[in-house]
Each structure stands twice: as C-alpha cells, then as structure tokens.
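Okay, structure first, notes after.
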Number of protein chains: 2
Amino acid sequence: MNFFERFDHILQSKNSLLCVGLDTDVEKMPASVRRQPDPLFAFNRAIIEATAPFAAAFKINTAFYEAHGVAGWQALTSTFKYLPDDVLKIADAKRGDIGNTAKMYARALFEVLGADAVTVNPLMGLDSVAPFLQDEKKGVFFLCLTSNAGAEDFQHFSDGERKLYEVIADRVASWNERRNCGLVVGATHPEELRGIRKIAPQLPLLIPGIGAQGGDLQKSVQYGAGENGRGAIYNSSRAIIYASSGEDFARAAAAAAERTRDELNEAKKNTCNCSQLC
Amino acid sequence: MNFFERFDHILQSKNSLLCVGLDTDVEKMPASVRRQPDPLFAFNRAIIEATAPFAAAFKINTAFYEAHGVAGWQALTSTFKYLPDDVLKIADAKRGDIGNTAKMYARALFEVLGADAVTVNPLMGLDSVAPFLQDEKKGVFFLCLTSNAGAEDFQHFSDGERKLYEVIADRVASWNERRNCGLVVGATHPEELRGIRKIAPQLPLLIPGIGAQGGDLQKSVQYGAGENGRGAIYNSSRAIIYASSGEDFARAAAAAAERTRDELNEAKKNTCNCSQLC
C-alpha cells in the first residue's frame with residue numbers, strides 16, 4: 001500500500017480529517033503532570049488516549065522535544081511508539097539538506113522514530129529531498145505556503161506569472177512518482193489554497209492553522225478537501241491539547257478534538273466538491 | 001562582544017578561515033573506534049584534538065546524530081561540550097518554523113547544545129527566524145545559495161531582475177540589526193558568490209563545498225573573504241575527517257586540516273581584496 005492509499009484508507013476508516021498536533025510544552029501542563037519523571041511523554045500519553053478516537057493523524061513537532069535535549073528525544077521516541085497503528089504518525093521536522101545529510105534525516109525520522117510521514121523544506125531542491133522519497137509507503141509533505149505572516153517574505157516572490165509557492169506546488173507534483181508527495185498549505189490562506197488545489201489536484205494536503213492561528217476552517221475544507229472529500233488533513237495543536245490547563249486537560253482535549261472533527265465533517269458536507277472548487 | 005566581533009576575533013587569533021565539519025558516520029570509522037561504547041563521540045574527540053589547532057570553527061551536522069536517536073543526541077551534546085572555547089561552535093541544523101516553534105529550536109541549539117551559531121532555512125520569512133536573532137552574541141547563517149545541484153530548482157527562481165538567492169541576501173542584510181546575521185553560500189558557485197558579496201558586503205559567510213564537493217577554493221576566497229580577508233569561513237567535512245579510513249585517521253585529519261588552512265591563507269594572500277572583488 002503506497003502512501004496515498006494509506007492516507008485515503010485512514011481518513012475513510014476513521015471518518016475524520018483531523019490531525020492533532022503534539023506541540024507539547026512543559027510550561028503549559030497541569031502541575032501534576034509536570035512533576036512526573038518524563039512529563040512530555042506523560043502528557044502525550046494522556047492526550048493520545050483521549051483524542052485518538054477522533055483523529056486521523058498526529059503531528060509531532062520535533063522542536064518541542066529537542067528543546068529538552070536527550071530527555072526530549074527520549075520522550076519523542078516514546079511518543080511515536082505509543083501512537084496507535086490506525087492513525088498517520090507525522091514527524092513535523094521541516095528538514096532539508098544536501099543528499100548525504102538528507103539520507104541521515106530520513107533515517108532518523110522514518111526508521112529511528114517510525115514516522116509514516118514527515119514535513120520537508122524544499123528550498124534546496126530535488127537532490128535534497130530525493131532521499132525522503134525512496135519508500136512509497138512513507139509520505140513527504142513539502143512546505144508550500146505556510147500559515148505565518150513571514151510566508152509573504154519569500155513564498156510570494158513572483159516571476160510575474162507565478163509565485164514561488166505555486167512553482168513549488170507544480171514541482172512537487174512532478175516529483176510524485178511513487179505517490180507519496182504532499183504539500184503543507186496554511187489554513188490562513190484559503191484563496192491561495194484554491195489555486196494550489198488546481199495546480200496539484202492529486203496531492204494530499206497537510207493544513208495547519210485552523211486552531212489557535214485562526215485560519216478559516218470552512219473555506220479550507222471547501223478548497224482543500226478535494227473531490228472525494230479526503231484530500232487533506234487539518235491540524236490543530238494548541239486549541240486541542242491546551243483546551244484546559246487544569247487537571248481535566250485530557251477530557252477537555254477529547255471534547256475539543258471531537259468538536260473539531262465534527263466541524264470538519266460538517267464543512268465537508270456543505271461543500272459541493274465539484275472539480276471547479278466552487 | 002556581538003557575533004560579528006567574536007567571528008572576527010577568532011579568525012584573527014587562530015589565523016585560520018577553516019571550519020571542520022563533523023558529519024560523523026559510524027560506517028566510515030576505523031573498526032577500533034566503531035567498537036567503543038559511544039563511537040560518534042569517541043571519533044569526534046580524536047578529530048577535535050587533532051584538528052583544533054588549525055580550525056577557526058567546527059560545524060556539527062545534526063542529521064548524522066539524529067540518525068542514531070537518543071544515543072546520537074547524547075553524542076551531539078558531548079561533542080559540543082568537548083569543543084574548546086577558542087573556536088566557533090556551529091550547529092548545522094537548517095531549521096525553520098513558525099515563531100513559537102522556532103523559539104524551541106533556538107533554545108535547543110543555543111541553550112541546550114551551547115552552539116555559538118546555527119544554520120537556518122529562511123523560506124518561512126522573518127517571524128520564523130526572529131527567535132534565533134534575539135541574542136547578539138549568537139550568530140545565524142541563513143541558507144542563501146547552497147552547494148548542491150538542487151540549488152537550481154528554487155534558489156534561482158527570478159523576477160526578471162533578481163534571483164531568489166539575491167533577494168534572500170538582501171533581506172537578511174536588512175535583518176542584521178544586532179550584527180549577528182550571516183549567509184551560507186556554496187563554494188561550488190564562485191561567480192554567484194561575487195554577486196552576493198556585493199549585495200551583502202558586511203555579512204560573514206559560511207562557505208561549504210571546498211572539500212569532497214569540489215568547490216573552487218581559490219575563487220571562493222577571492223570573492224568571499226571580503227576586504228579584510230576575514231569575512232568568511234570555509235567548511236570541509238569528509239575530506240578532513242575521513243582523510244584516512246585506517247587507525248591513523250586522527251593524524252591524517254590533522255594533516256588535511258593544516259594543509260587546508262594553509263591553502264586558504266595562501267589564497268587570501270593572492271587576492272587583491274579591493275572593494276571591486278577583482
């Protein structure tokens with residue numbers, strides 16, 4: 001089963017477009033969790049148990065673990081191991097380097113951590129991303145148009161006809177020989193998302209920014225989910241995992257995850273999903 | 001002392017433009033080192049002792065450590081601790097993400113590992129790089145024009161007047177309020193390096209590719225080293241640390257480092273270093 005098939009199978013069987021982002025921060029946990037020997041993993045375990053029924057994917061943001069050095073990498077490893085097999089395990093690492101180095105990053109993320117998919121920064125071009133694309137079962141979401149304000153600085157650089165993010169979308173579509181390429185497109189740019197969907201109608205999208213970043217959920221689904229309604233997953237991190245800062249954090253996260261999954265499914269129903277993305 | 005002052009001080013006091021790259025690979029070590037309990041660190045310790053007299057900087061490529069998971073991060077931490085204080089310690093991590101995540105990467109690299117400088121991918125724009133620029137003592141080398149073939153794919157994208165890598169150089173120069181911004185420019189593009197030097201005459205450059213990647217050392221110094229001859233450091237990884245695959249690897253690395261330092265200093269002498277970069 002290649003990555004596209006797996007992606008589609010999971011979204012269908014879980015009846016969910018939701019990706020839960022584990023941007024786990026010790027300072028935002030309840031005191032009882034913070035006092036545990038491995039607080040990052042203790043928090044994640046509770047969040048995973050509570051939210052997995054509603055999630056198609058979990059996105060683990062490597063920065064939040066690296067900030068704790070060796071202990072953080074231990075928690076990162078334990079978290080990947082703990083994730084159930086019926087969700088996509090995404091290492092949000094945004095790596096990218098020359099070929100022999102990219103090979104090492106691919107090994108770290110796919111083999112050592114056991115990720116099903118990774119995020120990759122495409123700035124260094126094809127030979128820097130090729131090592132991530134060798135295994136058809138493993139997916140790669142390339143940064144295309146990100147959800148932050150700084151996306152304007154370079155991603156909108158234009159040759160008069162096309163902007164850089166459109167060139168990236170087009171190029172990534174051409175790299176998709178093994179049906180394992182996807183794109184990262186922020187929910188904060190729904191109109192641009194529509195254009196990207198036209199350039200790359202087949203590629204799965206990872207769409208961050210529907211939670212704390214305030215992206216437009218309805219339009220992101222309308223323009224992103226594609227003809228069968230299973231062309232994208234929508235990430236929310238802070239709005240789910242820190243839904244409550246108290247001892248009821250796991251229950252609150254479950255409720256936020258369920259609500260977000262339902263909102264996404266509702267948005268999908270209200271979308272005509274024709275090929276015009278109208 | 002801000003990063004620019006520190007950079008200049010070290011290059012002058014060590015009389016060297018050489019950066020030794022610790023892309024440490026267990027498969028390329030002599031058997032006696034590979035058998036040790038922490039082979040990555042054992043190899044690095046021997047290489048650091050042998051080459052530090054000739055180096056202004058060490059660049060530690062995080063991918064090669066992450067590929068070993070928790071044990072790799074332990075070796076990465078030990079390696080940073082072991083580096084002497086009279087060299088620049090560069091974490092070659094090529095990170096880049098939205099603000100709250102970038103803050104975590106900055107903490108991981110500057111505080112947990114103790115790096116003096118990092119490499120950062122600027123694709124996500126100013127708010128994604130700002131957290132790395134808060135401390136004037138810590139340097140940030142932004143990817144501008146990389147040494148690999150894939151650099152053509154996006155870095156050469158042009159608006160008719162300027163290419164993306166020139167826009168990056170210009171923008172990074174405008175971010176340099178604390179005198180701690182630099183650029184990564186591959187030695188494999190000496191003519192383009194000349195143009196970048198004109199756009200950003202003040203920024204320190206990190207120039208990879210003079211070793212195994214076959215970049216032009218003479219021209220890279222001519223166009224990169226700047227008016228005072230101390231505007232750039234030149235990285236060689238494989239050609240130094242794997243100069244011998246036998247038990248004499250440390251001695252061979254020392255000889256290769258000394259020779260490369262001397263070649264760089266010789267190239268500097270043969271350069272007119274006027275402001276025209278002729």
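Identifiers in the structure tokens: chain A, B, ... in order shown; residue index from 1 per chain; ligand index from 1 in order shown.
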Any idea what's packed within 7 Å of B:Met1, counting only C-alpha atoms, ignoring anything in its chain fewer than 3 positions away? Could you give it as a PDB file with N, CA and C atoms, in the first residue's frame?
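So the final result, stored in selection_19.pdb, reads:
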```pdb
ATOM      1  N   GLU B   5      31.885  40.651  16.078  1.00  0.00           N
ATOM      2  CA  GLU B   5      33.169  40.900  16.746  1.00  0.00           C
ATOM      3  C   GLU B   5      33.838  39.582  17.127  1.00  0.00           C
ATOM      4  N   ARG B   6      33.033  38.655  17.617  1.00  0.00           N
ATOM      5  CA  ARG B   6      33.583  37.354  18.020  1.00  0.00           C
ATOM      6  C   ARG B   6      34.132  36.613  16.804  1.00  0.00           C
ATOM      7  N   LYS B 137      25.045  37.840  20.778  1.00  0.00           N
ATOM      8  CA  LYS B 137      26.251  37.005  20.848  1.00  0.00           C
ATOM      9  C   LYS B 137      26.136  35.761  19.973  1.00  0.00           C
TER      10      LYS B 137
END
```
Residues near A:Phe58, cut-off 9 Å, only C-alpha atoms, skip fewer than 4 positions along chain, as a list of chain:residue names: A:Leu18, A:Cys19, A:Val20, A:Gly21, A:Leu22, A:Ile48, A:Ala52, A:Leu83, A:Val87, A:Leu88, A:Lys89, A:Ile90, A:Ala91, A:Asn235
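Taking only C-alpha atoms, the non-local environment of A:Pro190 within 10 Å (same-chain residues fewer than 6 positions away omitted) comprises A:Ile196, A:Gly215, A:Asp216, A:Leu217, A:Gln218, A:Lys219, A:Ser220, A:Val221, A:Gln222, A:Tyr223, A:Gly224.
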Taking only C-alpha atoms into account and nothing else, which residues of chain A lie no more than 8 Å away from chain B? Please answer as a PyMOL selection string. chain A and resi 61+63-64+66-70+73-74+77+94-98+101-102+104-109+112-113+121+123-128+146-155+157-160+164+168
Once you have the residues from the selection above, write them out as an mmCIF file, in the first residue's frame, restricted to C-alpha atoms.
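The new file result22.cif reads:
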```cif
data_model
loop_
_atom_site.group_PDB
_atom_site.id
_atom_site.type_symbol
_atom_site.label_atom_id
_atom_site.label_comp_id
_atom_site.auth_asym_id
_atom_site.auth_seq_id
_atom_site.Cartn_x
_atom_site.Cartn_y
_atom_site.Cartn_z
ATOM 1 C CA ASN A 61 6.610 18.867 16.328
ATOM 2 C CA ALA A 63 11.319 21.307 18.149
ATOM 3 C CA PHE A 64 9.364 20.964 21.380
ATOM 4 C CA GLU A 66 14.761 18.931 21.028
ATOM 5 C CA ALA A 67 14.396 21.885 23.408
ATOM 6 C CA HIS A 68 14.873 19.303 26.188
ATOM 7 C CA GLY A 69 17.949 17.657 24.665
ATOM 8 C CA VAL A 70 18.494 13.951 25.295
ATOM 9 C CA TRP A 73 14.484 12.787 22.285
ATOM 10 C CA GLN A 74 13.614 10.004 24.679
ATOM 11 C CA THR A 77 10.768 8.215 20.752
ATOM 12 C CA LYS A 94 10.829 20.659 8.331
ATOM 13 C CA ARG A 95 14.243 19.255 7.497
ATOM 14 C CA GLY A 96 16.146 19.782 4.233
ATOM 15 C CA ASP A 97 19.851 19.445 3.388
ATOM 16 C CA ILE A 98 22.195 18.060 0.726
ATOM 17 C CA THR A 101 22.678 14.597 5.011
ATOM 18 C CA ALA A 102 19.044 14.264 3.924
ATOM 19 C CA MET A 104 20.503 10.704 7.593
ATOM 20 C CA TYR A 105 17.421 12.793 8.401
ATOM 21 C CA ALA A 106 15.222 10.305 6.537
ATOM 22 C CA ARG A 107 16.758 7.515 8.594
ATOM 23 C CA ALA A 108 16.204 9.440 11.854
ATOM 24 C CA LEU A 109 12.555 10.213 11.149
ATOM 25 C CA VAL A 112 14.501 5.507 14.210
ATOM 26 C CA LEU A 113 11.270 7.307 15.169
ATOM 27 C CA ASN A 121 11.544 22.206 3.431
ATOM 28 C CA LEU A 123 14.330 25.198 -0.704
ATOM 29 C CA MET A 124 17.423 23.113 -1.540
ATOM 30 C CA GLY A 125 15.711 21.305 -4.417
ATOM 31 C CA LEU A 126 15.273 17.791 -5.746
ATOM 32 C CA ASP A 127 18.547 16.127 -4.752
ATOM 33 C CA SER A 128 17.983 17.318 -1.173
ATOM 34 C CA THR A 146 2.912 28.373 5.341
ATOM 35 C CA SER A 147 0.419 29.753 7.878
ATOM 36 C CA ASN A 148 2.609 32.516 9.352
ATOM 37 C CA ALA A 149 2.956 36.202 8.421
ATOM 38 C CA GLY A 150 6.537 35.660 7.160
ATOM 39 C CA ALA A 151 5.171 33.497 4.331
ATOM 40 C CA GLU A 152 4.951 36.811 2.440
ATOM 41 C CA ASP A 153 8.718 37.349 2.528
ATOM 42 C CA PHE A 154 9.853 34.721 0.019
ATOM 43 C CA GLN A 155 6.975 32.331 -0.747
ATOM 44 C CA PHE A 157 8.228 36.099 -4.686
ATOM 45 C CA SER A 158 6.959 36.104 -8.279
ATOM 46 C CA ASP A 159 8.309 35.886 -11.804
ATOM 47 C CA GLY A 160 5.284 37.917 -12.991
ATOM 48 C CA LEU A 164 7.318 30.738 -5.623
ATOM 49 C CA ILE A 168 6.858 24.618 -5.515
#
```
Based on DSSP run over this structure's backbone, return all residues of stretch 163-259 of chain B in alpha helix (DSSP H), as a PyMOL selection string. chain B and resi 164-174+190-199+217-224+238-241+249-259
Take the residues just selected and output them with C-alpha atoms as a tab-separated table (two decimals), in the first residue's frame.
```tsv
chain	number	residue	atom	x	y	z
B	164	LEU	CA	15.55	34.34	-5.05
B	165	TYR	CA	19.01	33.85	-3.50
B	166	GLU	CA	19.80	37.51	-4.17
B	167	VAL	CA	16.52	38.56	-2.57
B	168	ILE	CA	17.40	36.39	0.43
B	169	ALA	CA	20.86	38.01	0.72
B	170	ASP	CA	19.32	41.46	0.56
B	171	ARG	CA	16.60	40.68	3.08
B	172	VAL	CA	19.00	39.02	5.53
B	173	ALA	CA	21.21	42.13	5.38
B	174	SER	CA	18.15	44.13	6.48
B	190	PRO	CA	32.12	31.28	-7.18
B	191	GLU	CA	30.66	33.74	-9.70
B	192	GLU	CA	27.37	33.99	-7.85
B	193	LEU	CA	29.33	34.36	-4.61
B	194	ARG	CA	30.85	37.51	-6.04
B	195	GLY	CA	27.39	38.96	-6.65
B	196	ILE	CA	26.21	38.03	-3.17
B	197	ARG	CA	29.27	39.73	-1.67
B	198	LYS	CA	28.27	42.92	-3.41
B	199	ILE	CA	24.70	42.72	-2.09
B	217	LEU	CA	38.85	27.23	-3.12
B	218	GLN	CA	40.88	29.98	-4.78
B	219	LYS	CA	37.90	31.83	-6.23
B	220	SER	CA	35.78	31.27	-3.15
B	221	VAL	CA	38.39	33.08	-1.09
B	222	GLN	CA	38.87	35.77	-3.73
B	223	TYR	CA	35.17	36.60	-3.83
B	224	GLY	CA	34.13	35.59	-0.32
B	238	ARG	CA	34.58	14.47	4.54
B	239	ALA	CA	37.94	15.48	3.01
B	240	ILE	CA	39.29	16.15	6.50
B	241	ILE	CA	37.62	13.76	8.91
B	249	PHE	CA	42.61	8.74	10.92
B	250	ALA	CA	43.30	11.47	13.50
B	251	ARG	CA	46.83	12.12	12.28
B	252	ALA	CA	45.61	12.17	8.68
B	253	ALA	CA	42.80	14.59	9.64
B	254	ALA	CA	45.31	16.89	11.32
B	255	ALA	CA	47.48	16.91	8.20
B	256	ALA	CA	44.48	17.58	5.95
B	257	ALA	CA	43.26	20.37	8.23
B	258	GLU	CA	46.68	22.01	8.37
B	259	ARG	CA	47.04	21.78	4.59
```
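Across A:Arg45, A:Arg178, A:Lys268, A:Lys59, the tightest approach to A:Asn228 is made by A:Lys268 when counting only C-alpha atoms.
Of the residues in stretch 83-124 of chain B, those given strand (DSSP E) by DSSP on the backbone are Leu88, Lys89, Ile90, Ala91, Asp92, Ala93, Lys94, Arg95, Ala117, Val118, Thr119 and Val120 of chain B.
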Residues as selected, N, CA and C atoms, written as a PDB file, in the first residue's frame, can you do that?
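Generated output (part_25.pdb):
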```
ATOM      1  N   LEU B  88      34.601  28.710  16.951  1.00  0.00           N
ATOM      2  CA  LEU B  88      33.150  28.879  16.824  1.00  0.00           C
ATOM      3  C   LEU B  88      32.496  27.513  16.748  1.00  0.00           C
ATOM      4  N   LYS B  89      31.430  27.345  17.518  1.00  0.00           N
ATOM      5  CA  LYS B  89      30.708  26.066  17.537  1.00  0.00           C
ATOM      6  C   LYS B  89      29.415  26.264  16.763  1.00  0.00           C
ATOM      7  N   ILE B  90      29.342  25.664  15.599  1.00  0.00           N
ATOM      8  CA  ILE B  90      28.189  25.889  14.724  1.00  0.00           C
ATOM      9  C   ILE B  90      27.302  24.640  14.661  1.00  0.00           C
ATOM     10  N   ALA B  91      26.032  24.806  14.993  1.00  0.00           N
ATOM     11  CA  ALA B  91      25.068  23.710  14.830  1.00  0.00           C
ATOM     12  C   ALA B  91      24.459  23.829  13.438  1.00  0.00           C
ATOM     13  N   ASP B  92      24.837  22.899  12.568  1.00  0.00           N
ATOM     14  CA  ASP B  92      24.323  22.931  11.192  1.00  0.00           C
ATOM     15  C   ASP B  92      23.027  22.129  11.162  1.00  0.00           C
ATOM     16  N   ALA B  93      21.937  22.828  11.428  1.00  0.00           N
ATOM     17  CA  ALA B  93      20.653  22.162  11.656  1.00  0.00           C
ATOM     18  C   ALA B  93      19.613  22.561  10.602  1.00  0.00           C
ATOM     19  N   LYS B  94      19.833  23.694   9.935  1.00  0.00           N
ATOM     20  CA  LYS B  94      18.954  24.169   8.854  1.00  0.00           C
ATOM     21  C   LYS B  94      17.485  24.159   9.262  1.00  0.00           C
ATOM     22  N   ARG B  95      17.206  24.572  10.508  1.00  0.00           N
ATOM     23  CA  ARG B  95      15.844  24.614  10.994  1.00  0.00           C
ATOM     24  C   ARG B  95      15.106  25.829  10.441  1.00  0.00           C
ATOM     25  N   ALA B 117      26.600  29.511  16.953  1.00  0.00           N
ATOM     26  CA  ALA B 117      25.915  29.911  15.720  1.00  0.00           C
ATOM     27  C   ALA B 117      25.155  28.708  15.180  1.00  0.00           C
ATOM     28  N   VAL B 118      24.148  28.999  14.348  1.00  0.00           N
ATOM     29  CA  VAL B 118      23.334  27.940  13.755  1.00  0.00           C
ATOM     30  C   VAL B 118      23.130  28.241  12.276  1.00  0.00           C
ATOM     31  N   THR B 119      22.758  27.227  11.519  1.00  0.00           N
ATOM     32  CA  THR B 119      22.268  27.464  10.157  1.00  0.00           C
ATOM     33  C   THR B 119      20.744  27.405  10.190  1.00  0.00           C
ATOM     34  N   VAL B 120      20.108  28.324   9.451  1.00  0.00           N
ATOM     35  CA  VAL B 120      18.650  28.433   9.449  1.00  0.00           C
ATOM     36  C   VAL B 120      18.160  28.549   8.005  1.00  0.00           C
TER      37      VAL B 120
END
```
Between atom CA of A:Pro201 and atom CA of A:His189, what distance in Å does the model show, to one decimal?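 So the answer is 17.0 Å.
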Have a look at atom CA of B:Thr79 and atom CA of B:Met29 and let me know their distance in Å, one decimal.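 Computing the Euclidean distance for atom CA of B:Thr79 and atom CA of B:Met29 yields 16.3 Å.
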When you draw a straight line from atom CA of B:Ile60 to atom CA of B:Ile10, how long is it in Å?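 For atom CA of B:Ile60 relative to atom CA of B:Ile10, the distance reads 17.8 Å.
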